[in-house]
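S.K.: Contents of start12.cif (mmCIF, C-alpha atoms) are below:
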data_input
loop_
_atom_site.label_atom_id
_atom_site.label_comp_id
_atom_site.auth_asym_id
_atom_site.auth_seq_id
_atom_site.Cartn_x
_atom_site.Cartn_y
_atom_site.Cartn_z
CA MET A 288 4.68 -39.29 0.88
CA SER A 289 6.57 -36.27 2.25
CA ILE A 290 4.87 -33.57 4.35
CA ARG A 291 5.60 -30.93 1.71
CA TYR A 292 4.06 -33.05 -1.06
CA ARG A 293 0.95 -33.85 1.02
CA TYR A 294 0.53 -30.17 1.85
CA ARG A 295 0.78 -29.13 -1.81
CA PHE A 296 -1.47 -31.99 -2.97
CA THR A 297 -4.15 -31.16 -0.38
CA ARG A 298 -4.01 -27.43 -1.19
CA GLY A 299 -4.34 -28.36 -4.86
CA LEU A 300 -7.49 -30.36 -4.12
CA VAL A 301 -8.98 -27.50 -2.11
CA LEU A 302 -8.11 -24.81 -4.65
CA LYS A 303 -8.55 -26.64 -7.95
CA VAL A 304 -11.46 -28.96 -7.11
CA LEU A 305 -13.32 -27.69 -4.05
CA PHE A 306 -13.14 -23.98 -4.96
CA PRO A 307 -14.81 -24.40 -8.39
CA LEU A 308 -17.43 -26.64 -6.79
CA TYR A 309 -18.13 -24.01 -4.13
CA MET A 310 -18.40 -21.30 -6.79
CA LEU A 311 -20.89 -23.47 -8.70
CA ILE A 312 -22.95 -23.81 -5.53
CA GLY A 313 -22.57 -20.05 -5.00
CA ALA A 314 -23.98 -19.41 -8.47
CA PHE A 315 -27.22 -21.08 -7.37
CA ALA A 316 -27.14 -19.65 -3.84
CA PRO A 317 -25.66 -16.13 -4.16
CA SER A 318 -26.35 -15.33 -0.51
CA LYS A 319 -23.90 -18.10 0.46
CA LYS A 320 -21.13 -17.26 -2.02
CA GLU A 321 -19.06 -14.99 0.27
CA ALA A 322 -19.26 -17.54 3.11
CA LEU A 323 -18.09 -20.28 0.72
CA GLN A 324 -15.17 -18.12 -0.42
CA ALA A 325 -14.28 -17.39 3.22
CA SER A 326 -14.24 -21.11 3.98
CA ILE A 327 -11.82 -21.75 1.10
CA ILE A 328 -9.54 -19.02 2.48
CA ARG A 329 -9.69 -20.57 5.98
CA MET A 330 -8.88 -24.06 4.62
CA ASN A 331 -6.00 -22.66 2.56
CA ASN A 332 -4.61 -20.76 5.56
CA LEU A 333 -4.86 -23.82 7.80
CA LEU A 334 -2.92 -25.90 5.28
CA ILE A 335 -0.25 -23.20 5.00
CA GLU A 336 0.03 -23.03 8.81
CA ARG A 337 0.45 -26.80 9.00
CA ALA A 338 3.14 -26.78 6.32
CA GLN A 339 5.37 -24.79 8.70
CA LEU A 340 7.09 -22.81 5.97
CA ASN A 341 10.17 -20.82 6.81
CA THR A 342 10.01 -18.16 4.15
CA ARG A 343 12.78 -15.69 3.45
CA LYS A 344 11.27 -13.73 0.56
CA LEU A 345 7.78 -12.72 1.60
CA LEU A 346 5.52 -10.28 -0.25
CA LEU A 347 2.75 -8.31 1.43
CA LEU A 348 0.11 -7.57 -1.18
CA MET A 349 -2.57 -5.09 -0.17
CA PRO A 350 -5.59 -3.60 -1.96
CA HIS A 351 -5.61 0.11 -2.80
CA CYS A 352 -8.91 0.51 -0.93
CA LEU A 353 -6.98 0.35 2.37
CA GLN A 354 -5.89 3.91 1.67
CA VAL A 355 -8.41 6.46 2.88
CA ASP A 356 -10.27 7.89 -0.12
CA LYS A 357 -9.66 11.53 0.89
CA CYS A 358 -5.87 11.10 0.79
CA GLU A 359 -4.19 13.17 -1.90
CA ILE A 360 -1.05 11.02 -1.94
CA ARG A 361 -1.10 8.06 -4.33
CA ILE A 362 0.82 5.10 -2.99
CA THR A 363 0.13 2.49 -5.66
CA THR A 364 3.50 3.12 -7.33
CA ASP A 365 5.53 3.53 -4.13
CA VAL A 366 4.19 2.86 -0.63
CA HIS A 367 6.95 5.02 0.83
CA ASN A 368 5.09 8.05 -0.58
CA CYS A 369 2.75 7.62 2.40
CA LYS A 370 3.00 10.65 4.69
CA GLY A 371 2.06 8.62 7.78
CA CYS A 372 -1.00 10.60 8.84
CA GLY A 373 -2.51 7.52 10.55
CA LYS A 374 -5.95 7.76 8.94
CA CYS A 375 -5.44 4.31 7.40
CA GLU A 376 -3.17 1.32 8.07
CA ILE A 377 -0.70 2.02 5.25
CA LYS A 378 1.71 3.76 7.65
CA ASP A 379 1.63 0.71 9.95
CA LEU A 380 2.15 -1.69 7.05
CA VAL A 381 5.15 0.30 5.79
CA GLN A 382 6.66 0.24 9.30
CA ILE A 383 6.09 -3.51 9.59
CA CYS A 384 7.74 -4.16 6.24
CA ASP A 385 10.70 -1.98 7.15
CA LYS A 386 10.98 -3.79 10.52
CA TYR A 387 10.99 -7.26 8.93
CA GLY A 388 12.73 -6.34 5.66
CA LEU A 389 9.75 -7.33 3.50
CA GLU A 390 8.30 -6.06 0.26
CA LEU A 391 4.95 -4.28 0.38
CA HIS A 392 2.93 -3.59 -2.74
CA ILE A 393 -0.46 -2.02 -3.24
CA ALA A 394 -2.54 -3.41 -6.11
CA THR A 395 -5.46 -1.74 -7.80
CA GLY A 396 -6.82 -5.02 -9.13
CA GLY A 397 -6.12 -8.63 -10.04
CA ASN A 398 -4.05 -7.93 -13.16
CA LEU A 399 -1.68 -5.62 -11.29
CA ALA A 400 -1.49 -8.08 -8.39
CA ARG A 401 -0.48 -10.91 -10.75
CA ARG A 402 2.14 -8.65 -12.37
CA VAL A 403 3.59 -7.74 -8.95
CA VAL A 404 3.82 -11.42 -8.04
CA SER A 405 5.53 -12.16 -11.36
CA ASP A 406 8.00 -9.28 -10.93
CA VAL A 407 8.82 -9.83 -7.24
CA ARG A 408 8.90 -13.65 -7.43
CA PRO A 409 8.36 -14.20 -3.69
CA GLU A 410 8.49 -17.53 -1.89
CA ALA A 411 5.13 -16.77 -0.24
CA ILE A 412 2.54 -14.00 -0.07
CA ILE A 413 0.41 -12.46 2.62
CA ALA A 414 -2.56 -10.96 0.81
CA VAL A 415 -5.36 -8.75 2.07
CA ALA A 416 -8.56 -8.28 0.07
CA CYS A 417 -12.26 -9.04 0.06
CA GLU A 418 -13.22 -12.71 0.00
CA ARG A 419 -13.98 -12.68 -3.74
CA ASP A 420 -10.63 -11.21 -4.80
CA LEU A 421 -8.68 -13.10 -2.16
CA SER A 422 -10.07 -16.55 -2.97
CA SER A 423 -9.64 -16.11 -6.73
CA GLY A 424 -6.12 -14.69 -6.28
CA ILE A 425 -5.09 -17.62 -4.09
CA VAL A 426 -6.29 -20.00 -6.81
CA ASP A 427 -4.62 -17.98 -9.59
CA VAL A 428 -1.09 -18.20 -8.15
CA PHE A 429 -1.24 -21.80 -6.89
CA PRO A 430 1.12 -23.57 -6.04
CA MET A 431 2.66 -20.46 -4.47
CA PRO A 432 1.61 -20.25 -0.81
CA VAL A 433 -0.72 -17.30 -0.18
CA TYR A 434 -1.91 -16.59 3.33
CA GLY A 435 -5.15 -14.65 3.01
CA ILE A 436 -6.55 -12.05 5.39
CA SER A 437 -9.99 -10.66 4.63
CA ASN A 438 -10.28 -6.91 4.86
CA GLU A 439 -12.88 -5.16 7.00
CA ARG A 440 -15.37 -3.05 5.05
CA PRO A 441 -17.04 -0.52 7.39
CA CYS A 442 -17.94 1.76 4.45
CA GLY A 443 -18.90 -1.05 2.09
CA PRO A 444 -16.80 -2.71 -0.61
CA CYS A 445 -13.76 -1.00 -2.11
CA LEU A 446 -13.92 2.16 0.03
CA ASN A 447 -11.86 2.94 3.12
CA THR A 448 -11.38 -0.71 4.02
CA ARG A 449 -9.29 -1.77 6.99
CA VAL A 450 -7.06 -4.66 8.02
CA ASP A 451 -6.23 -6.06 11.43
CA ILE A 452 -2.51 -5.27 11.77
CA LYS A 453 -2.10 -7.95 14.47
CA LYS A 454 -3.30 -10.59 11.98
CA VAL A 455 -0.75 -9.36 9.45
CA GLU A 456 2.07 -9.49 12.00
CA GLY A 457 0.94 -12.93 13.16
CA ALA A 458 1.00 -14.21 9.58
CA ILE A 459 4.49 -12.76 9.07
CA ALA A 460 5.76 -14.45 12.22
CA MET A 461 4.19 -17.76 11.22
CA LEU A 462 5.55 -17.70 7.65
CA THR A 463 9.04 -16.45 8.47
CA GLY A 464 9.61 -17.83 11.94
CA ASN A 465 10.55 -14.26 12.92
CA ASP A 466 8.64 -12.49 15.67
CA GLY A 467 10.45 -9.20 15.00
CA THR A 468 12.32 -9.12 18.30
CA SER A 469 15.69 -9.98 16.82
#
Written as structure tokens, that's how I'd like the structure from this file.
M.R.:
Amino acid sequence: MSIRYRYRFTRGLVLKVLFPLYMLIGAFAPSKKEALQASIIRMNNLLIERAQLNTRKLLLLMPHCLQVDKCEIRITTDVHNCKGCGKCEIKDLVQICDKYGLELHIATGGNLARRVVSDVRPEAIIAVACERDLSSGIVDVFPMPVYGISNERPCGPCLNTRVDIKKVEGAIAMLTGNDGTS
């Protein structure tokens, strides 16, 4: 059995068998549901890391709640509309994508995210979202590799969320084999 097949088979077991089981457990223990979703994301990410992909067409898919709510500029149609004020990480994400030659899209929900994936047709995705949206999105696009990074929610869900830019850059380097120095 080849490494690639084992990786895909194991991810399939985690996402198509273990995830629904965890969500069933979460239905009876709602206080544990987010932790169960986070563990699925960690398992998925570990399997993707072990697969040692060398991706050329990578999509960065971010939630619209990363943009500060007071911003008057809407970036969901074009991230380059961002004026770079620095109040949120969008400016940094645009710079990273320009540096690595990657596509960056902002999604307002699961349906738009699936449409972006269908339109862009990437080899792999780095996605940022809350555990609920991230875990279900990873399952939805299987077998496509999705490296998930949970957003930080200092103001609560869906409002002025944040992402650790170093985690995003680390995921890019791992998936592309490019550390950005060349």
S.K.: Which residues, written as a PyMOL selection string, have at least one atom at most 10 Å from Ile436 in chain A, with only C-alpha atoms counted and residues fewer than 2 positions away on the same chain left out?
M.R.: chain A and resi 325+328-329+332+349+413-418+421+433-434+438-439+450-451+454-455+458
S.K.: Hey, can you spit out that residue selection with C-alpha atoms as a short mmCIF file (atom, residue, chain, number, x, y, z; two decimals), keeping the file's coordinate frame?
M.R.:
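Here's the written file part.cif:
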data_model
loop_
_atom_site.label_atom_id
_atom_site.label_comp_id
_atom_site.auth_asym_id
_atom_site.auth_seq_id
_atom_site.Cartn_x
_atom_site.Cartn_y
_atom_site.Cartn_z
CA ALA A 325 -14.28 -17.39 3.22
CA ILE A 328 -9.54 -19.02 2.48
CA ARG A 329 -9.69 -20.57 5.98
CA ASN A 332 -4.61 -20.76 5.56
CA MET A 349 -2.57 -5.09 -0.17
CA ILE A 413 0.41 -12.46 2.62
CA ALA A 414 -2.56 -10.96 0.81
CA VAL A 415 -5.36 -8.75 2.07
CA ALA A 416 -8.56 -8.28 0.07
CA CYS A 417 -12.26 -9.04 0.06
CA GLU A 418 -13.22 -12.71 0.00
CA LEU A 421 -8.68 -13.10 -2.16
CA VAL A 433 -0.72 -17.30 -0.18
CA TYR A 434 -1.91 -16.59 3.33
CA ASN A 438 -10.28 -6.91 4.86
CA GLU A 439 -12.88 -5.16 7.00
CA VAL A 450 -7.06 -4.66 8.02
CA ASP A 451 -6.23 -6.06 11.43
CA LYS A 454 -3.30 -10.59 11.98
CA VAL A 455 -0.75 -9.36 9.45
CA ALA A 458 1.00 -14.21 9.58
#
S.K.: Between A:Thr363, A:Ser437, A:Thr297, A:Gln339, which has the minimum distance to Arg449 in chain A (counting only C-alpha atoms)?
M.R.: A:Ser437
S.K.: Measuring between all atoms listed in the file, which one of A:Cys445, A:Ile360, A:Leu353, A:Ala460 shows the shortest distance to Asp379 in chain A?
M.R.: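 Using all atoms listed in the file, Asp379 in chain A sits closest to A:Leu353.
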S.K.: Let me make sure I understand: among A:Asn447, A:Thr364, A:Gln354, A:Asn398, which one has the smallest atom-to-atom distance to Ser423 in chain A if we use all atoms listed in the file?
M.R.: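 For Ser423 in chain A, the nearest of the candidates is A:Asn398.
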S.K.: How far is it from CA of Arg343 in chain A to CA of Asp406 in chain A, in Å with one decimal?
M.R.: 16.5 Å
S.K.: If we count only C-alpha atoms, what is near His351 in chain A at a cut-off of 6 Å, once residues fewer than 3 positions away on the same chain are taken out, given as a list of chain:residue names?
M.R.: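 That gives A:Gln354, A:Ile393, A:Ala394, A:Thr395.
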S.K.: Take every atom of range 334-348 of chain A listed in the file, fit an axis-aligned box around them, add 8 Å per side, and give the centre and edge lengths in Å to one decimal as lines of an AutoDock Vina configuration file.
M.R.:
center_x = 4.9
center_y = -17.2
center_z = 3.9
size_x = 31.7
size_y = 35.2
size_z = 26.2
S.K.: Which one is closest to Asp427 in chain A: A:Arg293, A:Lys344, A:Arg440, A:Arg402? Count only C-alpha atoms.
M.R.: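 Ranked by minimum distance to Asp427 in chain A, first place goes to A:Arg402.
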S.K.: So how far away is CA of Leu462 in chain A from CA of Leu391 in chain A, in Å?
M.R.: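 About the pair CA of Leu391 in chain A and CA of Leu462 in chain A: they are 15.3 Å apart.
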S.K.: Nearest to Phe429 in chain A among A:Lys378, A:Lys453, A:Arg298, A:Arg401, with distances taken over all atoms listed in the file: which residue is it?
M.R.: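 Of the candidates, the smallest distance to Phe429 in chain A is held by A:Arg298.
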S.K.: With all atoms listed in the file as the atoms that count, which of A:Thr448, A:Thr342, A:Asn331, A:Asn368 lies nearest to Pro430 in chain A?
M.R.: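 Looking at the shortest contact to Pro430 in chain A, the residue is A:Asn331.
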S.K.: Could you give me, as a PyMOL selection string, the residues within 12 Å of Leu305 in chain A, counting all atoms listed in the file and dropping anything in the same chain fewer than 6 positions from it?
M.R.: chain A and resi 297-299+311-312+323-324+326-328+330-331+422+426
S.K.: May I ask for the distance between CA of Leu346 in chain A and CA of Met431 in chain A, given in Å to one decimal place?
M.R.: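 Straight-line distance from CA of Leu346 in chain A to CA of Met431 in chain A works out to 11.4 Å.
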S.K.: Here's the selection I'm unsure about, the PyMOL selection byres ((chain A and resi 411) around 6); applied to the file above, which residues does it give, as an MDAnalysis selection string?
M.R.: chainID A and resid 345 409:410 412 432:433
S.K.: Could you dump the residues just selected with C-alpha atoms as a PDB file, in the frame of the given file?
M.R.:
ATOM      1  CA  LEU A 345       7.780 -12.720   1.600  1.00  0.00           C
ATOM      2  CA  PRO A 409       8.360 -14.200  -3.690  1.00  0.00           C
ATOM      3  CA  GLU A 410       8.490 -17.530  -1.890  1.00  0.00           C
ATOM      4  CA  ILE A 412       2.540 -14.000  -0.070  1.00  0.00           C
ATOM      5  CA  PRO A 432       1.610 -20.250  -0.810  1.00  0.00           C
ATOM      6  CA  VAL A 433      -0.720 -17.300  -0.180  1.00  0.00           C
TER       7      VAL A 433
END
S.K.: List the residues selected by the PyMOL selection byres ((chain A and resi 375) around 6) in the file shown, writing them as a list in words.
M.R.: Gln354, Val355, Gly373, Lys374, Glu376 and Ile377 of chain A
S.K.: I would like the residues chosen by the PyMOL selection byres ((chain A and resi 465) around 12) on the shown file; could you give them as a list in words?
M.R.: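 Written out, the selection comes to Leu340, Asn341, Thr342, Arg343, Leu345, Lys386, Tyr387, Gly388, Leu389, Glu456, Gly457, Ala458, Ile459, Ala460, Met461, Leu462, Thr463, Gly464, Asp466, Gly467, Thr468 and Ser469 of chain A.
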S.K.: Could N, CA and C atoms be built for range 375-398 of chain A and written out as an mmCIF file, in the coordinates of the input?
M.R.:
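Contents of part-v3.cif, freshly written:
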data_model
loop_
_atom_site.group_PDB
_atom_site.id
_atom_site.type_symbol
_atom_site.label_atom_id
_atom_site.label_comp_id
_atom_site.auth_asym_id
_atom_site.auth_seq_id
_atom_site.Cartn_x
_atom_site.Cartn_y
_atom_site.Cartn_z
ATOM 1 N N CYS A 375 -5.261 5.674 7.894
ATOM 2 C CA CYS A 375 -5.440 4.310 7.400
ATOM 3 C C CYS A 375 -4.244 3.479 7.883
ATOM 4 N N GLU A 376 -4.232 2.211 7.574
ATOM 5 C CA GLU A 376 -3.170 1.320 8.070
ATOM 6 C C GLU A 376 -1.916 1.296 7.202
ATOM 7 N N ILE A 377 -1.863 2.065 6.143
ATOM 8 C CA ILE A 377 -0.700 2.020 5.250
ATOM 9 C C ILE A 377 0.583 2.356 6.008
ATOM 10 N N LYS A 378 0.536 3.370 6.852
ATOM 11 C CA LYS A 378 1.710 3.760 7.650
ATOM 12 C C LYS A 378 2.201 2.561 8.475
ATOM 13 N N ASP A 379 1.273 1.872 9.123
ATOM 14 C CA ASP A 379 1.630 0.710 9.950
ATOM 15 C C ASP A 379 2.220 -0.409 9.102
ATOM 16 N N LEU A 380 1.652 -0.634 7.936
ATOM 17 C CA LEU A 380 2.150 -1.690 7.050
ATOM 18 C C LEU A 380 3.557 -1.377 6.549
ATOM 19 N N VAL A 381 3.810 -0.115 6.220
ATOM 20 C CA VAL A 381 5.150 0.300 5.790
ATOM 21 C C VAL A 381 6.149 0.064 6.926
ATOM 22 N N GLN A 382 5.775 0.440 8.145
ATOM 23 C CA GLN A 382 6.660 0.240 9.300
ATOM 24 C C GLN A 382 6.934 -1.244 9.536
ATOM 25 N N ILE A 383 5.917 -2.068 9.415
ATOM 26 C CA ILE A 383 6.090 -3.510 9.590
ATOM 27 C C ILE A 383 7.052 -4.068 8.548
ATOM 28 N N CYS A 384 6.867 -3.659 7.306
ATOM 29 C CA CYS A 384 7.740 -4.160 6.240
ATOM 30 C C CYS A 384 9.173 -3.691 6.423
ATOM 31 N N ASP A 385 9.351 -2.461 6.873
ATOM 32 C CA ASP A 385 10.700 -1.980 7.150
ATOM 33 C C ASP A 385 11.310 -2.766 8.317
ATOM 34 N N LYS A 386 10.522 -3.040 9.339
ATOM 35 C CA LYS A 386 10.980 -3.790 10.520
ATOM 36 C C LYS A 386 11.446 -5.195 10.151
ATOM 37 N N TYR A 387 10.673 -5.875 9.285
ATOM 38 C CA TYR A 387 10.990 -7.260 8.930
ATOM 39 C C TYR A 387 11.804 -7.384 7.643
ATOM 40 N N GLY A 388 12.006 -6.283 6.928
ATOM 41 C CA GLY A 388 12.730 -6.340 5.660
ATOM 42 C C GLY A 388 11.932 -7.021 4.556
ATOM 43 N N LEU A 389 10.638 -6.711 4.485
ATOM 44 C CA LEU A 389 9.750 -7.330 3.500
ATOM 45 C C LEU A 389 9.333 -6.347 2.427
ATOM 46 N N GLU A 390 8.831 -6.898 1.332
ATOM 47 C CA GLU A 390 8.300 -6.060 0.260
ATOM 48 C C GLU A 390 6.814 -5.864 0.471
ATOM 49 N N LEU A 391 6.365 -4.632 0.286
ATOM 50 C CA LEU A 391 4.950 -4.280 0.380
ATOM 51 C C LEU A 391 4.543 -3.641 -0.938
ATOM 52 N N HIS A 392 3.472 -4.162 -1.512
ATOM 53 C CA HIS A 392 2.930 -3.590 -2.740
ATOM 54 C C HIS A 392 1.439 -3.393 -2.589
ATOM 55 N N ILE A 393 0.956 -2.338 -3.214
ATOM 56 C CA ILE A 393 -0.460 -2.020 -3.240
ATOM 57 C C ILE A 393 -0.954 -2.279 -4.656
ATOM 58 N N ALA A 394 -2.006 -3.080 -4.782
ATOM 59 C CA ALA A 394 -2.540 -3.410 -6.110
ATOM 60 C C ALA A 394 -3.918 -2.794 -6.284
ATOM 61 N N THR A 395 -4.163 -2.321 -7.492
ATOM 62 C CA THR A 395 -5.460 -1.740 -7.800
ATOM 63 C C THR A 395 -6.418 -2.761 -8.403
ATOM 64 N N GLY A 396 -5.961 -3.969 -8.586
ATOM 65 C CA GLY A 396 -6.820 -5.020 -9.130
ATOM 66 C C GLY A 396 -6.025 -6.290 -9.364
ATOM 67 N N GLY A 397 -6.719 -7.306 -9.852
ATOM 68 C CA GLY A 397 -6.120 -8.630 -10.040
ATOM 69 C C GLY A 397 -4.984 -8.660 -11.038
ATOM 70 N N ASN A 398 -5.115 -7.919 -12.150
ATOM 71 C CA ASN A 398 -4.050 -7.930 -13.160
ATOM 72 C C ASN A 398 -2.758 -7.343 -12.596
#
